[in-house]
$ cat run-v9.cif   # mmCIF, C-alpha atoms
data_coords
#
loop_
_atom_site.group_PDB
_atom_site.id
_atom_site.type_symbol
_atom_site.label_atom_id
_atom_site.label_comp_id
_atom_site.auth_asym_id
_atom_site.auth_seq_id
_atom_site.Cartn_x
_atom_site.Cartn_y
_atom_site.Cartn_z
ATOM 1 C CA MET R 1 -45.318 -31.353 2.754
ATOM 2 C CA VAL R 2 -45.713 -28.015 1.078
ATOM 3 C CA THR R 3 -45.738 -26.393 4.490
ATOM 4 C CA GLY R 4 -42.419 -28.078 5.320
ATOM 5 C CA LEU R 5 -40.744 -26.803 2.158
ATOM 6 C CA SER R 6 -42.057 -23.301 2.785
ATOM 7 C CA GLY R 7 -40.528 -23.466 6.226
ATOM 8 C CA ILE R 8 -37.191 -24.347 4.705
ATOM 9 C CA ARG R 9 -37.493 -21.460 2.281
ATOM 10 C CA ARG R 10 -38.332 -19.112 5.123
ATOM 11 C CA LYS R 11 -35.286 -20.271 7.053
ATOM 12 C CA ALA R 12 -33.058 -19.969 3.982
ATOM 13 C CA VAL R 13 -34.358 -16.458 3.370
ATOM 14 C CA ALA R 14 -33.818 -15.619 7.037
ATOM 15 C CA ILE R 15 -30.229 -16.902 6.856
ATOM 16 C CA ALA R 16 -29.564 -14.913 3.676
ATOM 17 C CA ALA R 17 -31.080 -11.799 5.221
ATOM 18 C CA ALA R 18 -28.995 -12.211 8.364
ATOM 19 C CA VAL R 19 -25.841 -12.555 6.274
ATOM 20 C CA ALA R 20 -26.746 -9.448 4.262
ATOM 21 C CA VAL R 21 -27.476 -7.396 7.380
ATOM 22 C CA THR R 22 -24.246 -8.539 9.023
ATOM 23 C CA ALA R 23 -22.246 -7.585 5.921
ATOM 24 C CA ALA R 24 -23.912 -4.190 5.776
ATOM 25 C CA LEU R 25 -23.179 -3.490 9.438
ATOM 26 C CA LEU R 26 -19.505 -4.470 9.331
ATOM 27 C CA PRO R 27 -17.314 -1.375 9.448
ATOM 28 C CA ALA R 28 -14.918 -0.690 6.586
ATOM 29 C CA ALA R 29 -11.361 -1.767 7.313
ATOM 30 C CA PRO R 30 -9.259 1.162 8.503
ATOM 31 C CA ALA R 31 -6.296 2.371 6.491
ATOM 32 C CA TYR R 32 -3.237 0.319 7.294
ATOM 33 C CA ALA R 33 -0.743 1.855 9.713
ATOM 34 C CA SER R 34 -1.979 5.405 9.507
ATOM 35 C CA SER R 35 -0.934 5.952 13.087
ATOM 36 C CA THR R 36 2.155 4.850 14.910
ATOM 37 C CA ASN R 37 3.766 5.330 18.258
ATOM 38 C CA ILE R 38 7.260 6.662 18.342
ATOM 39 C CA VAL R 39 9.070 6.017 21.556
ATOM 40 C CA ASN R 40 12.732 6.728 21.555
ATOM 41 C CA ALA R 41 14.970 7.085 24.547
ATOM 42 C CA GLU R 42 18.525 8.320 24.615
ATOM 43 C CA THR R 43 19.682 7.067 21.285
ATOM 44 C CA THR R 44 21.992 8.807 18.881
ATOM 45 C CA SER R 45 19.950 8.142 15.758
ATOM 46 C CA THR R 46 16.981 6.132 14.671
ATOM 47 C CA GLY R 47 17.457 6.743 10.956
ATOM 48 C CA TRP R 48 14.584 6.804 8.512
ATOM 49 C CA LYS R 49 11.477 4.683 8.831
ATOM 50 C CA ILE R 50 9.403 4.218 5.691
ATOM 51 C CA TYR R 51 5.777 3.273 6.214
ATOM 52 C CA THR R 52 3.621 1.106 3.985
ATOM 53 C CA THR R 53 0.481 3.237 3.896
ATOM 54 C CA LYS R 54 0.008 4.845 0.489
ATOM 55 C CA ARG R 55 -1.389 8.278 -0.131
ATOM 56 C CA THR R 56 -2.049 10.553 -3.076
ATOM 57 C CA THR R 57 -2.379 14.345 -3.286
ATOM 58 C CA TYR R 58 -1.434 15.249 0.287
ATOM 59 C CA THR R 59 -1.436 13.992 3.792
ATOM 60 C CA ARG R 60 -1.790 15.950 6.977
ATOM 61 C CA VAL R 61 0.453 14.738 9.719
ATOM 62 C CA THR R 62 -0.069 15.386 13.384
ATOM 63 C CA PHE R 63 2.159 14.556 16.278
ATOM 64 C CA ALA R 64 0.888 14.091 19.807
ATOM 65 C CA PRO R 65 3.822 14.089 22.217
ATOM 66 C CA MET R 66 3.791 11.804 25.203
ATOM 67 C CA THR R 67 2.976 13.741 28.320
ATOM 68 C CA GLN R 68 5.850 12.369 30.347
ATOM 69 C CA TYR R 69 8.308 13.884 27.904
ATOM 70 C CA GLY R 70 6.457 17.167 27.804
ATOM 71 C CA GLY R 71 6.875 17.911 24.123
ATOM 72 C CA LEU R 72 8.688 17.149 20.963
ATOM 73 C CA ILE R 73 12.110 17.806 22.423
ATOM 74 C CA PRO R 74 12.304 17.859 26.196
ATOM 75 C CA GLN R 75 15.982 18.678 26.562
ATOM 76 C CA GLY R 76 18.536 20.800 24.831
ATOM 77 C CA GLU R 77 18.284 24.029 22.940
ATOM 78 C CA ASP R 78 18.555 23.145 19.294
ATOM 79 C CA GLY R 79 19.192 20.357 16.863
ATOM 80 C CA PRO R 80 16.803 17.457 16.898
ATOM 81 C CA TYR R 81 13.911 17.422 14.514
ATOM 82 C CA LEU R 82 11.320 15.017 13.287
ATOM 83 C CA GLY R 83 11.832 14.806 9.544
ATOM 84 C CA LEU R 84 8.982 13.761 7.290
ATOM 85 C CA GLU R 85 9.214 13.086 3.606
ATOM 86 C CA ALA R 86 6.870 11.808 0.939
ATOM 87 C CA VAL R 87 8.659 9.317 -1.289
ATOM 88 C CA PRO R 88 7.436 7.162 -4.178
ATOM 89 C CA PRO R 89 7.075 3.501 -3.167
ATOM 90 C CA GLY R 90 9.630 2.506 -5.798
ATOM 91 C CA GLY R 91 12.288 4.678 -4.206
ATOM 92 C CA PRO R 92 13.288 8.344 -4.067
ATOM 93 C CA VAL R 93 13.435 10.260 -7.313
ATOM 94 C CA ALA R 94 16.433 12.271 -8.447
ATOM 95 C CA ASP R 95 14.683 15.621 -8.050
ATOM 96 C CA PRO R 96 14.572 16.326 -4.302
ATOM 97 C CA GLU R 97 11.835 18.895 -4.787
ATOM 98 C CA PHE R 98 9.520 16.447 -6.490
ATOM 99 C CA PHE R 99 8.210 15.260 -3.184
ATOM 100 C CA ALA R 100 7.853 17.471 -0.176
ATOM 101 C CA GLN R 101 9.945 17.291 2.944
ATOM 102 C CA HIS R 102 9.040 18.748 6.273
ATOM 103 C CA TRP R 103 11.286 19.100 9.279
ATOM 104 C CA TRP R 104 9.533 19.667 12.531
ATOM 105 C CA SER R 105 10.955 21.903 15.199
ATOM 106 C CA GLU R 106 10.260 21.402 18.861
ATOM 107 C CA TYR R 107 7.257 23.686 18.685
ATOM 108 C CA ASP R 108 5.473 22.000 15.803
ATOM 109 C CA ARG R 109 2.486 19.808 16.401
ATOM 110 C CA ARG R 110 1.231 19.241 12.885
ATOM 111 C CA GLY R 111 2.444 19.426 9.344
ATOM 112 C CA LEU R 112 1.459 18.898 5.750
ATOM 113 C CA VAL R 113 3.330 16.607 3.422
ATOM 114 C CA GLU R 114 2.268 16.555 -0.183
ATOM 115 C CA SER R 115 3.372 15.172 -3.482
ATOM 116 C CA GLY R 116 4.795 17.358 -6.217
ATOM 117 C CA ASP R 117 1.916 17.144 -8.659
ATOM 118 C CA GLY R 118 -1.084 17.122 -6.382
ATOM 119 C CA SER R 119 -3.308 14.448 -7.836
ATOM 120 C CA ALA R 120 -1.817 11.492 -9.654
ATOM 121 C CA TYR R 121 1.299 10.629 -7.697
ATOM 122 C CA ILE R 122 1.340 7.939 -5.091
ATOM 123 C CA PHE R 123 3.679 8.233 -2.160
ATOM 124 C CA VAL R 124 4.456 6.747 1.210
ATOM 125 C CA LEU R 125 5.599 8.554 4.324
ATOM 126 C CA ALA R 126 9.155 8.442 5.598
ATOM 127 C CA ALA R 127 10.032 9.732 9.062
ATOM 128 C CA CYS R 128 13.538 10.405 10.208
ATOM 129 C CA CYS R 129 15.955 11.248 12.838
ATOM 130 C CA TYR R 130 13.876 11.945 15.873
ATOM 131 C CA ALA R 131 16.292 12.675 18.701
ATOM 132 C CA PHE R 132 19.560 12.319 16.901
ATOM 133 C CA PHE R 133 21.723 13.600 19.726
ATOM 134 C CA SER R 134 22.643 11.246 22.495
ATOM 135 C CA ASP R 135 21.201 13.224 25.381
ATOM 136 C CA ARG R 136 17.779 13.829 23.857
ATOM 137 C CA TYR R 137 14.721 11.685 24.025
ATOM 138 C CA TRP R 138 11.072 12.055 23.289
ATOM 139 C CA GLY R 139 8.083 10.087 22.165
ATOM 140 C CA GLY R 140 4.547 10.393 20.927
ATOM 141 C CA ASN R 141 2.030 9.369 18.362
ATOM 142 C CA LEU R 142 2.395 10.189 14.696
ATOM 143 C CA THR R 143 -0.828 10.141 12.685
ATOM 144 C CA TRP R 144 -1.380 10.645 8.977
ATOM 145 C CA VAL K 1 -41.351 -36.895 -0.868
ATOM 146 C CA VAL K 2 -37.831 -36.048 0.210
ATOM 147 C CA ARG K 3 -37.523 -33.876 3.253
ATOM 148 C CA VAL K 4 -34.648 -31.425 3.185
ATOM 149 C CA ARG K 5 -33.494 -30.264 6.580
ATOM 150 C CA PRO K 6 -32.384 -26.631 6.798
ATOM 151 C CA LEU K 7 -28.904 -27.657 7.943
ATOM 152 C CA ASN K 8 -28.486 -29.795 4.821
ATOM 153 C CA LEU K 9 -29.676 -26.918 2.668
ATOM 154 C CA VAL K 10 -27.009 -24.649 4.146
ATOM 155 C CA ALA K 11 -24.379 -27.330 3.523
ATOM 156 C CA VAL K 12 -25.477 -27.664 -0.123
ATOM 157 C CA MET K 13 -25.320 -23.878 -0.552
ATOM 158 C CA ALA K 14 -21.818 -23.836 0.956
ATOM 159 C CA ILE K 15 -20.639 -26.596 -1.411
ATOM 160 C CA ILE K 16 -22.042 -24.694 -4.400
ATOM 161 C CA ALA K 17 -20.285 -21.532 -3.230
ATOM 162 C CA LEU K 18 -16.967 -23.346 -2.756
ATOM 163 C CA ALA K 19 -17.286 -24.963 -6.172
ATOM 164 C CA GLY K 20 -17.652 -21.486 -7.656
ATOM 165 C CA CYS K 21 -14.417 -20.420 -5.993
ATOM 166 C CA GLY K 22 -12.608 -23.274 -7.711
ATOM 167 C CA GLN K 23 -13.028 -21.849 -11.205
ATOM 168 C CA PRO K 24 -9.660 -21.426 -12.914
ATOM 169 C CA ASP K 25 -8.532 -17.822 -13.098
ATOM 170 C CA PRO K 26 -6.885 -16.244 -16.135
ATOM 171 C CA VAL K 27 -3.111 -16.412 -16.086
ATOM 172 C CA GLY K 28 -1.601 -13.767 -13.855
ATOM 173 C CA VAL K 29 -4.627 -12.955 -11.737
ATOM 174 C CA ALA K 30 -3.634 -12.164 -8.172
ATOM 175 C CA GLU K 31 -4.482 -14.899 -5.738
ATOM 176 C CA GLY K 32 -5.305 -12.401 -3.084
ATOM 177 C CA VAL K 33 -3.847 -11.282 0.179
ATOM 178 C CA PRO K 34 -0.890 -13.580 0.901
ATOM 179 C CA ALA K 35 -0.790 -15.794 3.942
ATOM 180 C CA ALA K 36 2.177 -13.744 5.126
ATOM 181 C CA THR K 37 0.060 -10.630 5.605
ATOM 182 C CA PRO K 38 1.871 -8.594 8.240
ATOM 183 C CA SER K 39 0.703 -9.226 11.762
ATOM 184 C CA ALA K 40 2.867 -6.576 13.411
ATOM 185 C CA PRO K 41 2.202 -3.457 11.349
ATOM 186 C CA ASN K 42 4.621 -1.194 13.178
ATOM 187 C CA ALA K 43 7.575 -3.565 13.175
ATOM 188 C CA ASP K 44 10.809 -2.495 11.511
ATOM 189 C CA LEU K 45 12.272 -4.413 8.596
ATOM 190 C CA LYS K 46 15.828 -4.017 7.435
ATOM 191 C CA PRO K 47 16.247 -3.623 3.654
ATOM 192 C CA ALA K 48 17.339 -7.258 3.310
ATOM 193 C CA ALA K 49 14.103 -8.413 4.956
ATOM 194 C CA VAL K 50 12.084 -6.249 2.557
ATOM 195 C CA VAL K 51 13.803 -8.044 -0.318
ATOM 196 C CA VAL K 52 12.771 -11.391 1.206
ATOM 197 C CA GLU K 53 9.151 -10.201 1.443
ATOM 198 C CA PHE K 54 9.330 -9.017 -2.159
ATOM 199 C CA ARG K 55 10.633 -12.351 -3.455
ATOM 200 C CA GLN K 56 8.159 -14.425 -1.456
ATOM 201 C CA ARG K 57 5.249 -12.441 -2.851
ATOM 202 C CA ALA K 58 6.720 -12.492 -6.366
ATOM 203 C CA GLU K 59 6.708 -16.292 -6.317
ATOM 204 C CA LYS K 60 2.910 -16.198 -6.173
ATOM 205 C CA LEU K 61 2.358 -13.650 -8.920
ATOM 206 C CA THR K 62 2.632 -14.193 -12.659
ATOM 207 C CA LEU K 63 4.127 -11.520 -14.885
ATOM 208 C CA PRO K 64 3.144 -10.974 -18.528
ATOM 209 C CA PRO K 65 5.112 -12.708 -21.303
ATOM 210 C CA GLY K 66 8.537 -11.177 -21.727
ATOM 211 C CA MET K 67 8.613 -9.558 -18.276
ATOM 212 C CA SER K 68 10.757 -10.803 -15.411
ATOM 213 C CA TRP K 69 11.281 -9.973 -11.768
ATOM 214 C CA PRO K 70 14.302 -7.821 -10.960
ATOM 215 C CA ALA K 71 17.358 -9.528 -9.526
ATOM 216 C CA LYS K 72 17.343 -6.905 -6.788
ATOM 217 C CA PRO K 73 14.205 -4.887 -6.072
ATOM 218 C CA PRO K 74 14.640 -1.142 -5.558
ATOM 219 C CA VAL K 75 14.951 -1.053 -1.784
ATOM 220 C CA THR K 76 16.778 2.047 -0.600
ATOM 221 C CA GLU K 77 19.255 1.468 2.210
ATOM 222 C CA THR K 78 19.932 5.126 3.117
ATOM 223 C CA LEU K 79 18.345 8.545 2.729
ATOM 224 C CA PRO K 80 19.855 11.938 3.542
ATOM 225 C CA GLY K 81 19.313 13.137 7.104
ATOM 226 C CA PRO K 82 18.894 16.733 8.284
ATOM 227 C CA ASP K 83 22.605 17.400 7.964
ATOM 228 C CA GLY K 84 22.780 15.831 4.499
ATOM 229 C CA ASN K 85 24.630 12.756 5.691
ATOM 230 C CA PRO K 86 23.094 9.364 4.857
ATOM 231 C CA GLU K 87 20.874 7.814 7.487
ATOM 232 C CA THR K 88 19.891 4.147 7.540
ATOM 233 C CA VAL K 89 16.384 3.204 6.410
ATOM 234 C CA ALA K 90 14.034 0.744 8.090
ATOM 235 C CA TYR K 91 10.697 -0.309 6.607
ATOM 236 C CA GLU K 92 7.317 -1.114 7.983
ATOM 237 C CA THR K 93 6.287 -4.757 7.692
ATOM 238 C CA GLY K 94 4.529 -5.420 4.409
ATOM 239 C CA TYR K 95 6.606 -2.998 2.370
ATOM 240 C CA GLY K 96 8.158 -5.777 0.285
ATOM 241 C CA VAL K 97 4.747 -7.328 -0.392
ATOM 242 C CA MET K 98 3.427 -3.966 -1.510
ATOM 243 C CA LEU K 99 6.462 -3.352 -3.710
ATOM 244 C CA ALA K 100 6.122 -6.724 -5.465
ATOM 245 C CA GLU K 101 2.447 -6.063 -6.118
ATOM 246 C CA ASP K 102 3.328 -2.630 -7.484
ATOM 247 C CA TYR K 103 5.797 -4.234 -9.864
ATOM 248 C CA TRP K 104 3.179 -6.797 -10.909
ATOM 249 C CA PHE K 105 0.476 -4.160 -11.500
ATOM 250 C CA CYS K 106 2.815 -1.879 -13.451
ATOM 251 C CA SER K 107 3.973 -4.849 -15.564
ATOM 252 C CA TRP K 108 0.420 -5.729 -16.563
ATOM 253 C CA ALA K 109 -0.403 -2.075 -17.211
ATOM 254 C CA LEU K 110 2.598 -1.956 -19.549
ATOM 255 C CA GLU K 111 1.473 -5.229 -21.162
ATOM 256 C CA TRP K 112 -1.918 -3.638 -21.850
ATOM 257 C CA LEU K 113 -0.325 -0.534 -23.361
ATOM 258 C CA ARG K 114 1.936 -2.647 -25.574
ATOM 259 C CA THR K 115 -0.808 -4.937 -26.875
ATOM 260 C CA ARG K 116 -3.981 -2.841 -26.996
ATOM 261 C CA SER K 117 -3.528 -1.790 -30.627
ATOM 262 C CA THR K 118 -2.144 -5.018 -32.035
ATOM 263 C CA GLU K 119 -3.276 -8.017 -29.972
ATOM 264 C CA HIS K 120 -6.816 -7.604 -28.749
ATOM 265 C CA GLU K 121 -7.048 -10.852 -26.790
ATOM 266 C CA ARG K 122 -3.798 -10.254 -24.932
ATOM 267 C CA ALA K 123 -4.927 -6.751 -24.097
ATOM 268 C CA GLN K 124 -8.267 -8.026 -22.822
ATOM 269 C CA ALA K 125 -6.507 -10.622 -20.679
ATOM 270 C CA ALA K 126 -4.337 -7.868 -19.222
ATOM 271 C CA VAL K 127 -7.431 -5.895 -18.229
ATOM 272 C CA VAL K 128 -8.778 -8.941 -16.401
ATOM 273 C CA VAL K 129 -5.515 -9.228 -14.489
ATOM 274 C CA LEU K 130 -5.471 -5.518 -13.664
ATOM 275 C CA ARG K 131 -8.977 -5.816 -12.231
ATOM 276 C CA SER K 132 -7.741 -8.512 -9.866
ATOM 277 C CA PHE K 133 -5.414 -5.970 -8.250
ATOM 278 C CA LYS K 134 -8.288 -5.424 -5.832
ATOM 279 C CA ASN K 135 -7.398 -8.783 -4.283
ATOM 280 C CA THR K 136 -3.945 -7.679 -3.253
ATOM 281 C CA PHE K 137 -2.510 -6.591 0.062
ATOM 282 C CA ASP K 138 -1.418 -3.396 -1.668
ATOM 283 C CA TYR K 139 -4.967 -2.398 -2.599
ATOM 284 C CA GLN K 140 -6.749 -3.729 0.458
ATOM 285 C CA LYS K 141 -4.348 -2.735 3.210
ATOM 286 C CA ALA K 142 -1.814 -0.183 2.040
ATOM 287 C CA MET K 143 -3.931 2.273 0.062
ATOM 288 C CA ASP K 144 -6.197 4.953 1.439
ATOM 289 C CA LYS K 145 -9.511 5.644 -0.294
ATOM 290 C CA THR K 146 -8.193 8.403 -2.542
ATOM 291 C CA THR K 147 -5.465 6.135 -3.840
ATOM 292 C CA LYS K 148 -7.907 3.262 -4.360
ATOM 293 C CA ASP K 149 -10.195 5.581 -6.323
ATOM 294 C CA TYR K 150 -7.257 6.633 -8.470
ATOM 295 C CA ILE K 151 -6.341 2.998 -9.223
ATOM 296 C CA ASP K 152 -9.977 2.082 -9.883
ATOM 297 C CA GLY K 153 -10.138 4.925 -12.411
ATOM 298 C CA LEU K 154 -7.041 3.667 -14.208
ATOM 299 C CA VAL K 155 -8.389 0.138 -14.547
ATOM 300 C CA GLU K 156 -11.767 1.408 -15.686
ATOM 301 C CA LYS K 157 -10.101 3.514 -18.394
ATOM 302 C CA ALA K 158 -8.141 0.471 -19.555
ATOM 303 C CA GLY K 159 -11.444 -1.393 -19.880
ATOM 304 C CA LEU K 160 -12.707 1.464 -22.055
ATOM 305 C CA ASP K 161 -9.534 1.369 -24.174
ATOM 306 C CA ASP K 162 -8.468 4.822 -23.008
ATOM 307 C CA PRO K 163 -4.673 4.818 -22.604
ATOM 308 C CA ALA K 164 -4.034 8.395 -21.436
ATOM 309 C CA GLU K 165 -4.056 8.047 -17.651
ATOM 310 C CA ILE K 166 -2.653 4.543 -17.444
ATOM 311 C CA GLY K 167 0.134 5.630 -19.792
ATOM 312 C CA GLN K 168 0.960 8.509 -17.476
ATOM 313 C CA HIS K 169 0.890 6.130 -14.529
ATOM 314 C CA VAL K 170 3.359 3.737 -16.150
ATOM 315 C CA GLN K 171 5.721 6.424 -17.431
ATOM 316 C CA GLY K 172 5.734 8.453 -14.220
ATOM 317 C CA VAL K 173 7.210 7.839 -10.802
ATOM 318 C CA ASN K 174 4.330 5.579 -9.773
ATOM 319 C CA CYS K 175 5.939 2.813 -11.808
ATOM 320 C CA ASN K 176 9.590 3.648 -11.265
ATOM 321 C CA VAL K 177 9.763 0.248 -9.599
ATOM 322 C CA LEU K 178 9.914 -1.120 -13.180
ATOM 323 C CA GLY K 179 13.168 0.640 -13.960
ATOM 324 C CA PRO K 180 13.918 2.711 -17.062
ATOM 325 C CA ASP K 181 12.586 0.398 -19.812
ATOM 326 C CA ARG K 182 8.898 1.331 -19.926
ATOM 327 C CA SER K 183 8.327 2.071 -23.587
ATOM 328 C CA TRP K 184 5.428 0.777 -25.665
#
$ encode --input "run-v9.cif" --output "structure tokens"
Amino acid sequence: MVTGLSGIRRKAVAIAAAVAVTAALLPAAPAYASSTNIVNAETTSTGWKIYTTKRTTYTRVTFAPMTQYGGLIPQGEDGPYLGLEAVPPGGPVADPEFFAQHWWSEYDRRGLVESGDGSAYIFVLAACCYAFFSDRYWGGNLTW
Amino acid sequence: VVRVRPLNLVAVMAIIALAGCGQPDPVGVAEGVPAATPSAPNADLKPAAVVVEFRQRAEKLTLPPGMSWPAKPPVTETLPGPDGNPETVAYETGYGVMLAEDYWFCSWALEWLRTRSTEHERAQAAVVVLRSFKNTFDYQKAMDKTTKDYIDGLVEKAGLDDPAEIGQHVQGVNCNVLGPDRSW
């Protein structure tokens, strides 16, 4: 009888150990929506898109253009930009310089968007106005 | 002698674990990630849909005594474009959930600031609620590690009765979702 109970204990310990090992091996959940595809074809304006992922201090933003479009802006000579802005989740503040804004030209591939204070302010990323002329189109992957 | 089969032992352990989950929580503690957790993270929401998300999440969260949910949450409909003209704003799915949880967290932080010197039990209850912020979509899904560390530090300071950082958090833009009345 004692042997039987010990067997149960061993199995219970084995189950607990397996659960612990499984938990330890599970990868941490990735940050939510830190990368997004932007595909936009021949539209006059997409407006702003505000993302849910929160950041503090600063966030580096990179843009990888889709090969078929050949770059940030495949047509035209001037005008369209990718606008990025850090805004507080509760809405923009009155001081436009409080949170940084970055407008990408056709030659940019990466940028830095940071909050005004540098440490204690939470912000989300807003992207705007990619291809805002009717004969322009481009696409790619925005990561931050 | 009663033989206990391993399968039964596992079932008993599961029942004990579930019974533990059924303990009543203090008033206001977040129930956790809502069932409506976004399934399409890159989808666009119009401002009106963000308001719906906000209200649905608000229904499941309890605010401190004397606080109420805003009739209209601060959901911006336009922002200036490169030429200065207003451009429409779309939101990623989950933004309204996150905003409601921000409002809830800021409300309880303000409750703690208002009661810490005069009503010890209320202040302690507020700390318990603030600790449950870890159960929210906002903390678990929207925040990167740096932001989580910042929030963890605030809650820890509240537990130590240190109001400096949490006061700055509530008064600053991080809690502008509360509107102008944030005095204590």
$ residues_around --input "run-v9.cif" --residues "Lys49 (chain R)" --least-positions-apart "5" --cutoff "6 Å" --atoms "all atoms listed in the file" --output "count of residues only"
5
$ resolve_selection --input "run-v9.cif" --expression "the PyMOL selection byres ((chain K) within 7 of (chain R))" --output "compact mmCIF listing (two decimals) with C-alpha atoms, in the coordinates of the input"
# COMPACT_ATOMS: atom_id res chain seq x y z
CA PRO K 6 -32.38 -26.63 6.80
CA PRO K 41 2.20 -3.46 11.35
CA ASN K 42 4.62 -1.19 13.18
CA PRO K 74 14.64 -1.14 -5.56
CA VAL K 75 14.95 -1.05 -1.78
CA THR K 76 16.78 2.05 -0.60
CA GLY K 81 19.31 13.14 7.10
CA GLU K 87 20.87 7.81 7.49
CA THR K 88 19.89 4.15 7.54
CA VAL K 89 16.38 3.20 6.41
CA ALA K 90 14.03 0.74 8.09
CA TYR K 91 10.70 -0.31 6.61
CA GLU K 92 7.32 -1.11 7.98
CA GLY K 94 4.53 -5.42 4.41
CA TYR K 95 6.61 -3.00 2.37
CA LEU K 99 6.46 -3.35 -3.71
CA LYS K 141 -4.35 -2.74 3.21
CA ALA K 142 -1.81 -0.18 2.04
CA MET K 143 -3.93 2.27 0.06
CA ASP K 144 -6.20 4.95 1.44
CA THR K 146 -8.19 8.40 -2.54
CA THR K 147 -5.46 6.14 -3.84
CA VAL K 173 7.21 7.84 -10.80
CA ASN K 174 4.33 5.58 -9.77
CA ASN K 176 9.59 3.65 -11.26
CA VAL K 177 9.76 0.25 -9.60
$ closest_residue --input "run-v9.cif" --among "K:Ala30, K:His120, K:Leu130, K:Asp152" --to "Cys106 (chain K)" --atoms "all atoms listed in the file"
K:Leu130
$ closest_residue --input "run-v9.cif" --among "K:Glu121, K:Thr62, K:Lys72, K:Leu154" --to "Trp104 (chain K)" --atoms "all atoms listed in the file"
K:Thr62
$ residues_near_point --input "run-v9.cif" --point "(-4.3, -4.8, -20.6)" --cutoff "12 Å" --atoms "only C-alpha atoms" --output "number ranges by chain"
K: 28, 64, 105-132, 154-163, 166-167
$ atom_distance --input "run-v9.cif" --atom1 "CA of Glu53 (chain K)" --atom2 "CA of Tyr103 (chain K)"
13.2 Å
$ atom_distance --input "run-v9.cif" --atom1 "CA of Thr93 (chain K)" --atom2 "CA of Arg57 (chain K)"
13.1 Å
$ build_atoms --input "run-v9.cif" --residues "region 108-119 of chain K" --atoms "N, CA, C and O atoms" --output "tab-separated table (two decimals), keeping the file's coordinate frame"
chain	number	residue	atom	x	y	z
K	108	TRP	N	1.64	-5.42	-15.80
K	108	TRP	CA	0.42	-5.73	-16.56
K	108	TRP	C	-0.16	-4.48	-17.22
K	108	TRP	O	-0.77	-4.55	-18.29
K	109	ALA	N	0.03	-3.33	-16.58
K	109	ALA	CA	-0.40	-2.08	-17.21
K	109	ALA	C	0.42	-1.82	-18.48
K	109	ALA	O	-0.11	-1.42	-19.52
K	110	LEU	N	1.73	-2.10	-18.38
K	110	LEU	CA	2.60	-1.96	-19.55
K	110	LEU	C	2.23	-2.98	-20.62
K	110	LEU	O	2.22	-2.65	-21.82
K	111	GLU	N	1.91	-4.20	-20.21
K	111	GLU	CA	1.47	-5.23	-21.16
K	111	GLU	C	0.23	-4.75	-21.91
K	111	GLU	O	0.12	-4.91	-23.13
K	112	TRP	N	-0.70	-4.14	-21.19
K	112	TRP	CA	-1.92	-3.64	-21.85
K	112	TRP	C	-1.58	-2.54	-22.87
K	112	TRP	O	-2.07	-2.53	-23.99
K	113	LEU	N	-0.70	-1.62	-22.46
K	113	LEU	CA	-0.32	-0.53	-23.36
K	113	LEU	C	0.37	-1.06	-24.61
K	113	LEU	O	0.18	-0.53	-25.71
K	114	ARG	N	1.18	-2.11	-24.44
K	114	ARG	CA	1.94	-2.65	-25.57
K	114	ARG	C	1.07	-3.47	-26.52
K	114	ARG	O	1.44	-3.66	-27.68
K	115	THR	N	-0.04	-4.00	-26.04
K	115	THR	CA	-0.81	-4.94	-26.88
K	115	THR	C	-2.17	-4.40	-27.32
K	115	THR	O	-2.80	-5.01	-28.17
K	116	ARG	N	-2.61	-3.30	-26.76
K	116	ARG	CA	-3.98	-2.84	-27.00
K	116	ARG	C	-4.29	-2.55	-28.48
K	116	ARG	O	-5.43	-2.71	-28.91
K	117	SER	N	-3.29	-2.14	-29.22
K	117	SER	CA	-3.53	-1.79	-30.63
K	117	SER	C	-3.29	-2.95	-31.58
K	117	SER	O	-3.73	-2.91	-32.73
K	118	THR	N	-2.56	-3.95	-31.11
K	118	THR	CA	-2.14	-5.02	-32.03
K	118	THR	C	-2.68	-6.40	-31.68
K	118	THR	O	-2.88	-7.23	-32.55
K	119	GLU	N	-2.86	-6.68	-30.39
K	119	GLU	CA	-3.28	-8.02	-29.97
K	119	GLU	C	-4.44	-7.89	-28.99
K	119	GLU	O	-4.22	-7.79	-27.78
